[in-house]
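S.K.: PDB, N, CA and C atoms, saved as structure30.pdb, coming up:
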```pdb
ATOM      1  N   MET A 261       7.254  52.300 -42.313  1.00  0.00           N
ATOM      2  CA  MET A 261       5.870  52.733 -42.290  1.00  0.00           C
ATOM      3  C   MET A 261       5.041  51.851 -41.356  1.00  0.00           C
ATOM      4  N   ILE A 262       5.325  50.570 -41.371  1.00  0.00           N
ATOM      5  CA  ILE A 262       4.604  49.651 -40.487  1.00  0.00           C
ATOM      6  C   ILE A 262       4.860  50.006 -39.033  1.00  0.00           C
ATOM      7  N   GLY A 263       6.088  50.419 -38.729  1.00  0.00           N
ATOM      8  CA  GLY A 263       6.422  50.808 -37.361  1.00  0.00           C
ATOM      9  C   GLY A 263       5.625  52.013 -36.892  1.00  0.00           C
ATOM     10  N   PHE A 264       5.435  52.997 -37.774  1.00  0.00           N
ATOM     11  CA  PHE A 264       4.643  54.168 -37.409  1.00  0.00           C
ATOM     12  C   PHE A 264       3.196  53.788 -37.134  1.00  0.00           C
ATOM     13  N   ILE A 265       2.653  52.909 -37.935  1.00  0.00           N
ATOM     14  CA  ILE A 265       1.275  52.468 -37.747  1.00  0.00           C
ATOM     15  C   ILE A 265       1.146  51.692 -36.432  1.00  0.00           C
ATOM     16  N   ALA A 266       2.095  50.807 -36.181  1.00  0.00           N
ATOM     17  CA  ALA A 266       2.069  50.037 -34.935  1.00  0.00           C
ATOM     18  C   ALA A 266       2.227  50.961 -33.731  1.00  0.00           C
ATOM     19  N   GLY A 267       3.127  51.923 -33.827  1.00  0.00           N
ATOM     20  CA  GLY A 267       3.327  52.865 -32.726  1.00  0.00           C
ATOM     21  C   GLY A 267       2.086  53.699 -32.454  1.00  0.00           C
ATOM     22  N   ALA A 268       1.436  54.152 -33.521  1.00  0.00           N
ATOM     23  CA  ALA A 268       0.204  54.927 -33.350  1.00  0.00           C
ATOM     24  C   ALA A 268      -0.888  54.082 -32.716  1.00  0.00           C
ATOM     25  N   GLY A 269      -0.958  52.830 -33.111  1.00  0.00           N
ATOM     26  CA  GLY A 269      -1.950  51.929 -32.517  1.00  0.00           C
ATOM     27  C   GLY A 269      -1.710  51.719 -31.036  1.00  0.00           C
ATOM     28  N   ILE A 270      -0.461  51.588 -30.647  1.00  0.00           N
ATOM     29  CA  ILE A 270      -0.126  51.409 -29.234  1.00  0.00           C
ATOM     30  C   ILE A 270      -0.481  52.664 -28.447  1.00  0.00           C
ATOM     31  N   VAL A 271      -0.185  53.830 -28.984  1.00  0.00           N
ATOM     32  CA  VAL A 271      -0.494  55.083 -28.296  1.00  0.00           C
ATOM     33  C   VAL A 271      -1.997  55.227 -28.102  1.00  0.00           C
ATOM     34  N   VAL A 272      -2.766  54.960 -29.143  1.00  0.00           N
ATOM     35  CA  VAL A 272      -4.220  55.066 -29.051  1.00  0.00           C
ATOM     36  C   VAL A 272      -4.765  54.061 -28.048  1.00  0.00           C
ATOM     37  N   ARG A 273      -4.297  52.835 -28.104  1.00  0.00           N
ATOM     38  CA  ARG A 273      -4.769  51.798 -27.180  1.00  0.00           C
ATOM     39  C   ARG A 273      -4.455  52.170 -25.736  1.00  0.00           C
ATOM     40  N   ASN A 274      -3.233  52.617 -25.467  1.00  0.00           N
ATOM     41  CA  ASN A 274      -2.864  53.001 -24.106  1.00  0.00           C
ATOM     42  C   ASN A 274      -3.678  54.196 -23.626  1.00  0.00           C
ATOM     43  N   SER A 275      -3.964  55.125 -24.511  1.00  0.00           N
ATOM     44  CA  SER A 275      -4.766  56.289 -24.134  1.00  0.00           C
ATOM     45  C   SER A 275      -6.181  55.883 -23.763  1.00  0.00           C
ATOM     46  N   ILE A 276      -6.763  54.996 -24.540  1.00  0.00           N
ATOM     47  CA  ILE A 276      -8.117  54.528 -24.251  1.00  0.00           C
ATOM     48  C   ILE A 276      -8.153  53.797 -22.917  1.00  0.00           C
ATOM     49  N   ILE A 277      -7.178  52.945 -22.671  1.00  0.00           N
ATOM     50  CA  ILE A 277      -7.129  52.206 -21.407  1.00  0.00           C
ATOM     51  C   ILE A 277      -6.943  53.163 -20.238  1.00  0.00           C
ATOM     52  N   LEU A 278      -6.113  54.177 -20.403  1.00  0.00           N
ATOM     53  CA  LEU A 278      -5.874  55.143 -19.336  1.00  0.00           C
ATOM     54  C   LEU A 278      -7.144  55.930 -19.015  1.00  0.00           C
ATOM     55  N   VAL A 279      -7.841  56.397 -20.037  1.00  0.00           N
ATOM     56  CA  VAL A 279      -9.080  57.145 -19.823  1.00  0.00           C
ATOM     57  C   VAL A 279     -10.135  56.247 -19.190  1.00  0.00           C
ATOM     58  N   ASP A 280     -10.229  55.009 -19.618  1.00  0.00           N
ATOM     59  CA  ASP A 280     -11.181  54.066 -19.044  1.00  0.00           C
ATOM     60  C   ASP A 280     -10.877  53.824 -17.566  1.00  0.00           C
ATOM     61  N   PHE A 281      -9.594  53.712 -17.232  1.00  0.00           N
ATOM     62  CA  PHE A 281      -9.196  53.505 -15.847  1.00  0.00           C
ATOM     63  C   PHE A 281      -9.548  54.724 -14.996  1.00  0.00           C
ATOM     64  N   ILE A 282      -9.364  55.916 -15.546  1.00  0.00           N
ATOM     65  CA  ILE A 282      -9.724  57.140 -14.828  1.00  0.00           C
ATOM     66  C   ILE A 282     -11.224  57.187 -14.584  1.00  0.00           C
ATOM     67  N   GLU A 283     -12.015  56.861 -15.599  1.00  0.00           N
ATOM     68  CA  GLU A 283     -13.472  56.857 -15.444  1.00  0.00           C
ATOM     69  C   GLU A 283     -13.916  55.844 -14.400  1.00  0.00           C
ATOM     70  N   LEU A 284     -13.265  54.689 -14.365  1.00  0.00           N
ATOM     71  CA  LEU A 284     -13.593  53.672 -13.371  1.00  0.00           C
ATOM     72  C   LEU A 284     -13.326  54.190 -11.963  1.00  0.00           C
ATOM     73  N   ARG A 285     -12.190  54.851 -11.760  1.00  0.00           N
ATOM     74  CA  ARG A 285     -11.857  55.392 -10.438  1.00  0.00           C
ATOM     75  C   ARG A 285     -12.824  56.504 -10.029  1.00  0.00           C
ATOM     76  N   VAL A 286     -13.240  57.337 -10.995  1.00  0.00           N
ATOM     77  CA  VAL A 286     -14.198  58.406 -10.675  1.00  0.00           C
ATOM     78  C   VAL A 286     -15.541  57.805 -10.275  1.00  0.00           C
ATOM     79  N   LYS A 287     -15.969  56.741 -10.959  1.00  0.00           N
ATOM     80  CA  LYS A 287     -17.223  56.074 -10.599  1.00  0.00           C
ATOM     81  C   LYS A 287     -17.159  55.444  -9.211  1.00  0.00           C
ATOM     82  N   GLN A 288     -15.945  55.114  -8.758  1.00  0.00           N
ATOM     83  CA  GLN A 288     -15.770  54.566  -7.419  1.00  0.00           C
ATOM     84  C   GLN A 288     -15.805  55.654  -6.348  1.00  0.00           C
ATOM     85  N   GLY A 289     -15.913  56.909  -6.770  1.00  0.00           N
ATOM     86  CA  GLY A 289     -16.031  58.009  -5.835  1.00  0.00           C
ATOM     87  C   GLY A 289     -14.742  58.754  -5.553  1.00  0.00           C
ATOM     88  N   ILE A 290     -13.707  58.456  -6.277  1.00  0.00           N
ATOM     89  CA  ILE A 290     -12.424  59.137  -6.096  1.00  0.00           C
ATOM     90  C   ILE A 290     -12.459  60.441  -6.886  1.00  0.00           C
ATOM     91  N   PRO A 291     -11.977  61.546  -6.308  1.00  0.00           N
ATOM     92  CA  PRO A 291     -11.949  62.819  -7.052  1.00  0.00           C
ATOM     93  C   PRO A 291     -11.123  62.696  -8.334  1.00  0.00           C
ATOM     94  N   LEU A 292     -11.475  63.518  -9.319  1.00  0.00           N
ATOM     95  CA  LEU A 292     -10.857  63.423 -10.642  1.00  0.00           C
ATOM     96  C   LEU A 292      -9.347  63.591 -10.595  1.00  0.00           C
ATOM     97  N   ASP A 293      -8.854  64.571  -9.846  1.00  0.00           N
ATOM     98  CA  ASP A 293      -7.408  64.788  -9.816  1.00  0.00           C
ATOM     99  C   ASP A 293      -6.668  63.599  -9.212  1.00  0.00           C
ATOM    100  N   GLN A 294      -7.248  62.997  -8.181  1.00  0.00           N
ATOM    101  CA  GLN A 294      -6.626  61.811  -7.578  1.00  0.00           C
ATOM    102  C   GLN A 294      -6.744  60.601  -8.513  1.00  0.00           C
ATOM    103  N   ALA A 295      -7.859  60.504  -9.246  1.00  0.00           N
ATOM    104  CA  ALA A 295      -8.041  59.401 -10.199  1.00  0.00           C
ATOM    105  C   ALA A 295      -7.008  59.475 -11.321  1.00  0.00           C
ATOM    106  N   VAL A 296      -6.696  60.684 -11.782  1.00  0.00           N
ATOM    107  CA  VAL A 296      -5.701  60.849 -12.836  1.00  0.00           C
ATOM    108  C   VAL A 296      -4.320  60.443 -12.333  1.00  0.00           C
ATOM    109  N   ILE A 297      -3.989  60.860 -11.112  1.00  0.00           N
ATOM    110  CA  ILE A 297      -2.697  60.487 -10.524  1.00  0.00           C
ATOM    111  C   ILE A 297      -2.606  58.977 -10.332  1.00  0.00           C
ATOM    112  N   ASP A 298      -3.669  58.367  -9.811  1.00  0.00           N
ATOM    113  CA  ASP A 298      -3.681  56.913  -9.611  1.00  0.00           C
ATOM    114  C   ASP A 298      -3.545  56.166 -10.936  1.00  0.00           C
ATOM    115  N   ALA A 299      -4.270  56.623 -11.942  1.00  0.00           N
ATOM    116  CA  ALA A 299      -4.220  55.958 -13.244  1.00  0.00           C
ATOM    117  C   ALA A 299      -2.819  56.037 -13.837  1.00  0.00           C
ATOM    118  N   GLY A 300      -2.202  57.192 -13.726  1.00  0.00           N
ATOM    119  CA  GLY A 300      -0.842  57.332 -14.234  1.00  0.00           C
ATOM    120  C   GLY A 300       0.143  56.453 -13.501  1.00  0.00           C
ATOM    121  N   ALA A 301       0.000  56.389 -12.191  1.00  0.00           N
ATOM    122  CA  ALA A 301       0.922  55.580 -11.384  1.00  0.00           C
ATOM    123  C   ALA A 301       0.726  54.087 -11.616  1.00  0.00           C
ATOM    124  N   ILE A 302      -0.501  53.654 -11.730  1.00  0.00           N
ATOM    125  CA  ILE A 302      -0.786  52.220 -11.867  1.00  0.00           C
ATOM    126  C   ILE A 302      -0.549  51.735 -13.290  1.00  0.00           C
ATOM    127  N   ARG A 303      -0.896  52.529 -14.280  1.00  0.00           N
ATOM    128  CA  ARG A 303      -0.802  52.091 -15.676  1.00  0.00           C
ATOM    129  C   ARG A 303       0.536  52.421 -16.334  1.00  0.00           C
ATOM    130  N   PHE A 304       1.436  53.122 -15.627  1.00  0.00           N
ATOM    131  CA  PHE A 304       2.700  53.536 -16.232  1.00  0.00           C
ATOM    132  C   PHE A 304       3.546  52.343 -16.667  1.00  0.00           C
ATOM    133  N   ARG A 305       3.738  51.384 -15.799  1.00  0.00           N
ATOM    134  CA  ARG A 305       4.598  50.243 -16.125  1.00  0.00           C
ATOM    135  C   ARG A 305       4.058  49.424 -17.300  1.00  0.00           C
ATOM    136  N   PRO A 306       2.771  49.040 -17.305  1.00  0.00           N
ATOM    137  CA  PRO A 306       2.279  48.291 -18.477  1.00  0.00           C
ATOM    138  C   PRO A 306       2.389  49.081 -19.781  1.00  0.00           C
ATOM    139  N   MET A 307       2.166  50.389 -19.720  1.00  0.00           N
ATOM    140  CA  MET A 307       2.271  51.188 -20.940  1.00  0.00           C
ATOM    141  C   MET A 307       3.715  51.263 -21.424  1.00  0.00           C
ATOM    142  N   MET A 308       4.652  51.404 -20.515  1.00  0.00           N
ATOM    143  CA  MET A 308       6.057  51.461 -20.908  1.00  0.00           C
ATOM    144  C   MET A 308       6.548  50.110 -21.435  1.00  0.00           C
ATOM    145  N   LEU A 309       6.095  49.023 -20.849  1.00  0.00           N
ATOM    146  CA  LEU A 309       6.486  47.697 -21.338  1.00  0.00           C
ATOM    147  C   LEU A 309       5.949  47.451 -22.743  1.00  0.00           C
ATOM    148  N   THR A 310       4.722  47.890 -22.994  1.00  0.00           N
ATOM    149  CA  THR A 310       4.148  47.741 -24.326  1.00  0.00           C
ATOM    150  C   THR A 310       4.934  48.560 -25.345  1.00  0.00           C
ATOM    151  N   ALA A 311       5.252  49.789 -24.990  1.00  0.00           N
ATOM    152  CA  ALA A 311       6.027  50.638 -25.896  1.00  0.00           C
ATOM    153  C   ALA A 311       7.426  50.063 -26.128  1.00  0.00           C
ATOM    154  N   ALA A 312       8.040  49.534 -25.082  1.00  0.00           N
ATOM    155  CA  ALA A 312       9.373  48.939 -25.224  1.00  0.00           C
ATOM    156  C   ALA A 312       9.328  47.713 -26.132  1.00  0.00           C
ATOM    157  N   ALA A 313       8.258  46.929 -26.030  1.00  0.00           N
ATOM    158  CA  ALA A 313       8.122  45.761 -26.893  1.00  0.00           C
ATOM    159  C   ALA A 313       8.019  46.171 -28.360  1.00  0.00           C
ATOM    160  N   VAL A 314       7.310  47.258 -28.630  1.00  0.00           N
ATOM    161  CA  VAL A 314       7.202  47.752 -30.009  1.00  0.00           C
ATOM    162  C   VAL A 314       8.562  48.230 -30.506  1.00  0.00           C
ATOM    163  N   VAL A 315       9.305  48.924 -29.662  1.00  0.00           N
ATOM    164  CA  VAL A 315      10.623  49.420 -30.057  1.00  0.00           C
ATOM    165  C   VAL A 315      11.570  48.261 -30.347  1.00  0.00           C
ATOM    166  N   VAL A 316      11.576  47.260 -29.491  1.00  0.00           N
ATOM    167  CA  VAL A 316      12.447  46.098 -29.700  1.00  0.00           C
ATOM    168  C   VAL A 316      12.046  45.356 -30.976  1.00  0.00           C
ATOM    169  N   GLY A 317      10.751  45.167 -31.175  1.00  0.00           N
ATOM    170  CA  GLY A 317      10.283  44.501 -32.381  1.00  0.00           C
ATOM    171  C   GLY A 317      10.641  45.267 -33.642  1.00  0.00           C
ATOM    172  N   ALA A 318      10.479  46.586 -33.593  1.00  0.00           N
ATOM    173  CA  ALA A 318      10.835  47.406 -34.748  1.00  0.00           C
ATOM    174  C   ALA A 318      12.343  47.373 -34.997  1.00  0.00           C
ATOM    175  N   PHE A 319      13.132  47.365 -33.938  1.00  0.00           N
ATOM    176  CA  PHE A 319      14.584  47.301 -34.056  1.00  0.00           C
ATOM    177  C   PHE A 319      15.009  46.003 -34.734  1.00  0.00           C
ATOM    178  N   VAL A 320      14.395  44.904 -34.323  1.00  0.00           N
ATOM    179  CA  VAL A 320      14.718  43.600 -34.920  1.00  0.00           C
ATOM    180  C   VAL A 320      14.348  43.578 -36.394  1.00  0.00           C
ATOM    181  N   ILE A 321      13.169  44.077 -36.725  1.00  0.00           N
ATOM    182  CA  ILE A 321      12.733  44.091 -38.117  1.00  0.00           C
ATOM    183  C   ILE A 321      13.623  45.014 -38.953  1.00  0.00           C
ATOM    184  N   LEU A 322      14.000  46.143 -38.380  1.00  0.00           N
ATOM    185  CA  LEU A 322      14.796  47.125 -39.106  1.00  0.00           C
ATOM    186  C   LEU A 322      16.171  46.571 -39.473  1.00  0.00           C
ATOM    187  N   PHE A 323      16.794  45.845 -38.588  1.00  0.00           N
ATOM    188  CA  PHE A 323      18.145  45.370 -38.816  1.00  0.00           C
ATOM    189  C   PHE A 323      18.242  43.913 -39.229  1.00  0.00           C
ATOM    190  N   ASP A 324      17.124  43.307 -39.568  1.00  0.00           N
ATOM    191  CA  ASP A 324      17.126  41.938 -40.058  1.00  0.00           C
ATOM    192  C   ASP A 324      17.545  41.944 -41.533  1.00  0.00           C
ATOM    193  N   ARG A 325      18.623  41.284 -41.839  1.00  0.00           N
ATOM    194  CA  ARG A 325      19.130  41.334 -43.222  1.00  0.00           C
ATOM    195  C   ARG A 325      18.282  40.544 -44.197  1.00  0.00           C
ATOM    196  N   TYR A 326      17.432  39.637 -43.714  1.00  0.00           N
ATOM    197  CA  TYR A 326      16.587  38.843 -44.607  1.00  0.00           C
ATOM    198  C   TYR A 326      15.270  39.506 -44.934  1.00  0.00           C
ATOM    199  N   SER A 327      14.878  40.558 -44.191  1.00  0.00           N
ATOM    200  CA  SER A 327      13.596  41.190 -44.456  1.00  0.00           C
ATOM    201  C   SER A 327      13.687  42.307 -45.502  1.00  0.00           C
ATOM    202  N   ARG A 328      14.857  42.582 -46.009  1.00  0.00           N
ATOM    203  CA  ARG A 328      15.036  43.654 -46.995  1.00  0.00           C
ATOM    204  C   ARG A 328      15.109  43.062 -48.405  1.00  0.00           C
ATOM    205  N   GLY A 329      14.178  42.714 -49.027  1.00  0.00           N
ATOM    206  CA  GLY A 329      14.146  42.167 -50.365  1.00  0.00           C
ATOM    207  C   GLY A 329      15.330  42.249 -51.138  1.00  0.00           C
TER     208      GLY A 329
END
```
Could you quickly redo this structure as structure tokens?
M.R.:
Amino acid sequence: MIGFIAGAGIVVRNSIILVDFIELRVKQGIPLDQAVIDAGAIRFRPMMLTAAAVVVGAFVILFDRYSRG
């Protein structure tokens, strides 16, 4: 259950950052479609690394023999 909550938090956080980045690019005068493409290209790696860290952390917690009462 903790993993689902953590995963949902990561998804929401990444979505907010992505939308904020798109708004920043639009304010700089870049068209919306190009801003969306730029945001996806620039923010893809940090978002995937964050998600991978959650998966690795959940994997460790799931298979840790001392965390199961």
S.K.: Given the file shown, determine the residues that the PyMOL selection byres (((chain A and resi 266-275 and name CA) around 12) and name CA) selects; report them as a count of residues only.
M.R.: 30
S.K.: Separation of atom CA of A:Val320 and atom CA of A:Ile302, in Å?
M.R.: 29.1 Å
S.K.: Please give the complete set of residues from chain A that DSSP, run on the backbone, assigns to helix (DSSP H, G or I), formatted as JSON, numbers by chain.
M.R.: {"A": [262, 263, 264, 265, 266, 267, 268, 269, 270, 271, 272, 273, 274, 275, 276, 277, 278, 279, 280, 281, 282, 283, 284, 285, 286, 287, 292, 293, 294, 295, 296, 297, 298, 299, 300, 301, 302, 303, 304, 305, 306, 307, 308, 309, 310, 311, 312, 313, 314, 315, 316, 317, 318, 319, 320, 321, 322]}
S.K.: Atom C of A:Phe319 and atom N of A:Ala301 are how many Å apart?
M.R.: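 Interatomic distance here is 29.0 Å.
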S.K.: Around all of stretch 297-309 of chain A's listed atoms, make the axis-aligned box with 6 Å on each side and tell me centre and edge lengths in Å to one decimal, as JSON.
M.R.:
```
{"center_x": 1.1, "center_y": 54.2, "center_z": -16.2, "size_x": 22.8, "size_y": 25.4, "size_z": 25.1}
```
S.K.: Quick one, how far is atom CA of A:Ile297 from atom C of A:Leu284?
M.R.: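 Straight-line distance from atom CA of A:Ile297 to atom C of A:Leu284 works out to 12.4 Å.
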S.K.: At a cut-off of 8 Å, using all atoms listed in the file, what residues contact A:Glu283? Leave out same-chain residues fewer than 6 positions from it and give the result as a PDB file with N, CA and C atoms, keeping the file's coordinate frame.
M.R.:
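What follows is the written file part.pdb:
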```
ATOM      1  N   ILE A 277      -7.178  52.945 -22.671  1.00  0.00           N
ATOM      2  CA  ILE A 277      -7.129  52.206 -21.407  1.00  0.00           C
ATOM      3  C   ILE A 277      -6.943  53.163 -20.238  1.00  0.00           C
ATOM      4  N   GLY A 289     -15.913  56.909  -6.770  1.00  0.00           N
ATOM      5  CA  GLY A 289     -16.031  58.009  -5.835  1.00  0.00           C
ATOM      6  C   GLY A 289     -14.742  58.754  -5.553  1.00  0.00           C
ATOM      7  N   ALA A 295      -7.859  60.504  -9.246  1.00  0.00           N
ATOM      8  CA  ALA A 295      -8.041  59.401 -10.199  1.00  0.00           C
ATOM      9  C   ALA A 295      -7.008  59.475 -11.321  1.00  0.00           C
ATOM     10  N   VAL A 296      -6.696  60.684 -11.782  1.00  0.00           N
ATOM     11  CA  VAL A 296      -5.701  60.849 -12.836  1.00  0.00           C
ATOM     12  C   VAL A 296      -4.320  60.443 -12.333  1.00  0.00           C
TER      13      VAL A 296
END
```
